[in-house]
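Okay, structure first, notes after.
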Amino acid sequence: MSIDLTQDYFALFGLKRQFALDESALEAAWHELQSQVHPDRYAHLPDVDKRRSMQWATRVNEGFRTLKKPLERAQYLLELAGVDTALETNTAMSPEFLMEQMEWREAVAEAREAGEVEELEQLHHRLLHHAREVRSGLARELDEVHDYPAAADTVRRLMFIEKLQHEIDEALLALED
């Protein structure tokens, strides 16, 4: 068994290079590759073969983790397209999006301070729905129109949304104690 460590993750798993992904096909391909490259299969071989199997297994696991998560998959697709998302340096967002984020954060802070678990759960549900809509737009930008600058902007928006989702989750956990 040999894995080409230079191929992209989509090729590694035999998947089409696109944002919309058949997660069951990814899972099946991951299990198949894991069964082929797992270090235990190479335990009786020389050290060089053991190290090679560790490299293969690491590559397979990294690829699986990257493709499994929509945000990481989108960033990876942009990277493959040669687009720098400039996540650390480009924080410019539309005024409308920034206002929306402020409203979300205020609603979360108010619900948390008031101990309103139900309100936080509703915010959680609304944000999940909103994230699905944003991911749907991202799929269109990446897979259909190949508008990579717009997709990079959407990735930055999705990062804000995921961070807010974590804040809501943390607020819910804090109120459970």
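Numbering starts fresh at 1 for the residues of each chain in the structure tokens, the chains themselves are lettered A, B, ... in the order given, and ligands are numbered from 1 as they appear.
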
(request) Would you mind writing down, as a ChimeraX atom specification, each residue of stretch 4-174 of chain A that DSSP on the backbone assigns to helix (DSSP H, G or I)? (result) /A:9-12,23-37,39-42,47-68,70-80,95-114,117-144,148-174

Preceding selection exported with C-alpha atoms as a compact mmCIF listing (two decimals), in the first residue's frame:
```txt
# COMPACT_ATOMS: atom_id res chain seq x y z
CA TYR A 9 -7.37 15.58 0.08
CA PHE A 10 -10.20 15.28 -2.43
CA ALA A 11 -8.08 13.06 -4.70
CA LEU A 12 -6.90 11.09 -1.67
CA GLU A 23 -20.32 12.96 3.80
CA SER A 24 -21.14 9.25 3.73
CA ALA A 25 -18.77 8.76 0.78
CA LEU A 26 -16.07 10.67 2.70
CA GLU A 27 -16.66 8.52 5.77
CA ALA A 28 -16.55 5.29 3.75
CA ALA A 29 -13.35 6.33 1.95
CA TRP A 30 -11.75 7.30 5.27
CA HIS A 31 -12.58 3.92 6.81
CA GLU A 32 -11.22 2.12 3.74
CA LEU A 33 -7.97 4.12 3.77
CA GLN A 34 -7.60 3.72 7.54
CA SER A 35 -7.87 -0.03 7.19
CA GLN A 36 -5.08 0.05 4.61
CA VAL A 37 -2.64 2.41 6.34
CA PRO A 39 0.17 1.53 11.79
CA ASP A 40 -0.84 -1.75 13.46
CA ARG A 41 -0.76 -3.40 10.02
CA TYR A 42 2.92 -2.46 9.73
CA ASP A 47 11.15 0.92 11.08
CA VAL A 48 11.16 2.66 7.71
CA ASP A 49 7.85 0.97 6.83
CA LYS A 50 6.41 1.84 10.24
CA ARG A 51 7.33 5.51 9.76
CA ARG A 52 5.82 5.50 6.27
CA SER A 53 2.57 4.04 7.60
CA MET A 54 2.47 6.76 10.27
CA GLN A 55 2.88 9.40 7.55
CA TRP A 56 0.08 7.84 5.54
CA ALA A 57 -2.23 7.54 8.54
CA THR A 58 -1.50 11.14 9.55
CA ARG A 59 -2.24 12.39 6.03
CA VAL A 60 -5.49 10.41 5.89
CA ASN A 61 -6.62 11.73 9.29
CA GLU A 62 -5.69 15.34 8.47
CA GLY A 63 -7.57 15.10 5.19
CA PHE A 64 -10.62 13.63 6.85
CA ARG A 65 -10.72 16.34 9.55
CA THR A 66 -10.30 19.08 6.94
CA LEU A 67 -12.99 17.83 4.57
CA LYS A 68 -15.45 16.87 7.32
CA PRO A 70 -17.51 22.86 6.18
CA LEU A 71 -15.48 25.90 7.22
CA GLU A 72 -12.16 24.07 6.97
CA ARG A 73 -13.23 22.46 3.67
CA ALA A 74 -14.04 25.89 2.22
CA GLN A 75 -10.72 27.31 3.37
CA TYR A 76 -8.93 24.33 1.85
CA LEU A 77 -10.75 24.76 -1.48
CA LEU A 78 -9.75 28.42 -1.55
CA GLU A 79 -6.17 27.45 -0.76
CA LEU A 80 -6.21 24.95 -3.65
CA PRO A 95 -21.55 47.43 7.75
CA GLU A 96 -24.76 45.38 7.48
CA PHE A 97 -23.00 42.21 8.57
CA LEU A 98 -21.25 43.99 11.43
CA MET A 99 -24.57 45.43 12.64
CA GLU A 100 -26.14 41.99 12.44
CA GLN A 101 -23.28 40.54 14.50
CA MET A 102 -23.64 43.28 17.11
CA GLU A 103 -27.36 42.53 17.39
CA TRP A 104 -26.69 38.80 17.77
CA ARG A 105 -24.04 39.40 20.43
CA GLU A 106 -26.28 41.81 22.35
CA ALA A 107 -29.13 39.29 22.29
CA VAL A 108 -26.81 36.56 23.57
CA ALA A 109 -25.39 38.79 26.31
CA GLU A 110 -28.85 39.90 27.45
CA ALA A 111 -30.20 36.34 27.52
CA ARG A 112 -27.14 35.12 29.38
CA GLU A 113 -27.28 37.89 31.99
CA ALA A 114 -31.00 37.29 32.52
CA VAL A 117 -32.07 29.41 28.78
CA GLU A 118 -35.07 29.26 26.45
CA GLU A 119 -34.04 32.47 24.70
CA LEU A 120 -30.47 31.19 24.29
CA GLU A 121 -31.82 27.95 22.82
CA GLN A 122 -33.95 29.94 20.37
CA LEU A 123 -30.94 32.04 19.40
CA HIS A 124 -28.97 28.82 18.96
CA HIS A 125 -31.63 27.42 16.65
CA ARG A 126 -31.91 30.65 14.62
CA LEU A 127 -28.13 30.84 14.26
CA LEU A 128 -27.93 27.23 13.07
CA HIS A 129 -30.52 28.05 10.40
CA HIS A 130 -28.58 31.18 9.43
CA ALA A 131 -25.33 29.20 9.21
CA ARG A 132 -27.00 26.69 6.86
CA GLU A 133 -28.07 29.56 4.60
CA VAL A 134 -24.56 31.01 4.58
CA ARG A 135 -23.04 27.58 3.79
CA SER A 136 -25.53 27.19 0.95
CA GLY A 137 -24.38 30.50 -0.51
CA LEU A 138 -20.79 29.42 -0.04
CA ALA A 139 -21.46 26.22 -1.98
CA ARG A 140 -22.84 28.30 -4.84
CA GLU A 141 -19.85 30.66 -4.78
CA LEU A 142 -17.32 27.82 -4.74
CA ASP A 143 -18.97 25.11 -6.84
CA GLU A 144 -21.14 26.95 -9.34
CA TYR A 148 -13.40 32.96 -4.95
CA PRO A 149 -13.13 36.53 -3.60
CA ALA A 150 -16.82 36.37 -2.58
CA ALA A 151 -16.25 32.90 -1.12
CA ALA A 152 -13.31 34.21 0.92
CA ASP A 153 -15.60 36.93 2.30
CA THR A 154 -18.26 34.32 3.08
CA VAL A 155 -15.65 32.18 4.87
CA ARG A 156 -14.82 35.15 7.09
CA ARG A 157 -18.56 35.62 7.78
CA LEU A 158 -18.94 31.95 8.61
CA MET A 159 -16.05 32.24 11.08
CA PHE A 160 -17.93 35.02 12.90
CA ILE A 161 -21.06 32.86 12.96
CA GLU A 162 -19.22 29.82 14.32
CA LYS A 163 -17.57 31.93 17.01
CA LEU A 164 -20.97 33.26 18.03
CA GLN A 165 -22.32 29.71 18.07
CA HIS A 166 -19.57 28.77 20.54
CA GLU A 167 -20.47 31.77 22.70
CA ILE A 168 -24.10 30.63 22.83
CA ASP A 169 -23.00 27.08 23.68
CA GLU A 170 -20.77 28.40 26.46
CA ALA A 171 -23.58 30.58 27.81
CA LEU A 172 -25.92 27.57 27.89
CA LEU A 173 -23.31 25.49 29.69
CA ALA A 174 -22.70 28.25 32.22
```

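Interatomic distance, atom CA of A:His146 against atom CA of A:Val83: 11.4 Å.
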
(request) Tell me, in Å to one decimal, how far atom CA of A:Gly14 is from atom CA of A:Ala43. (result) 27.0 Å

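Going from atom CA of A:Asp22 to atom CA of A:Gly82 covers 23.9 Å.
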
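With only C-alpha atoms as the atoms that count, the minimum distance from A:Arg17 to the choices A:Val145, A:Glu116, A:Glu176, A:Ala81 is reached by A:Ala81.
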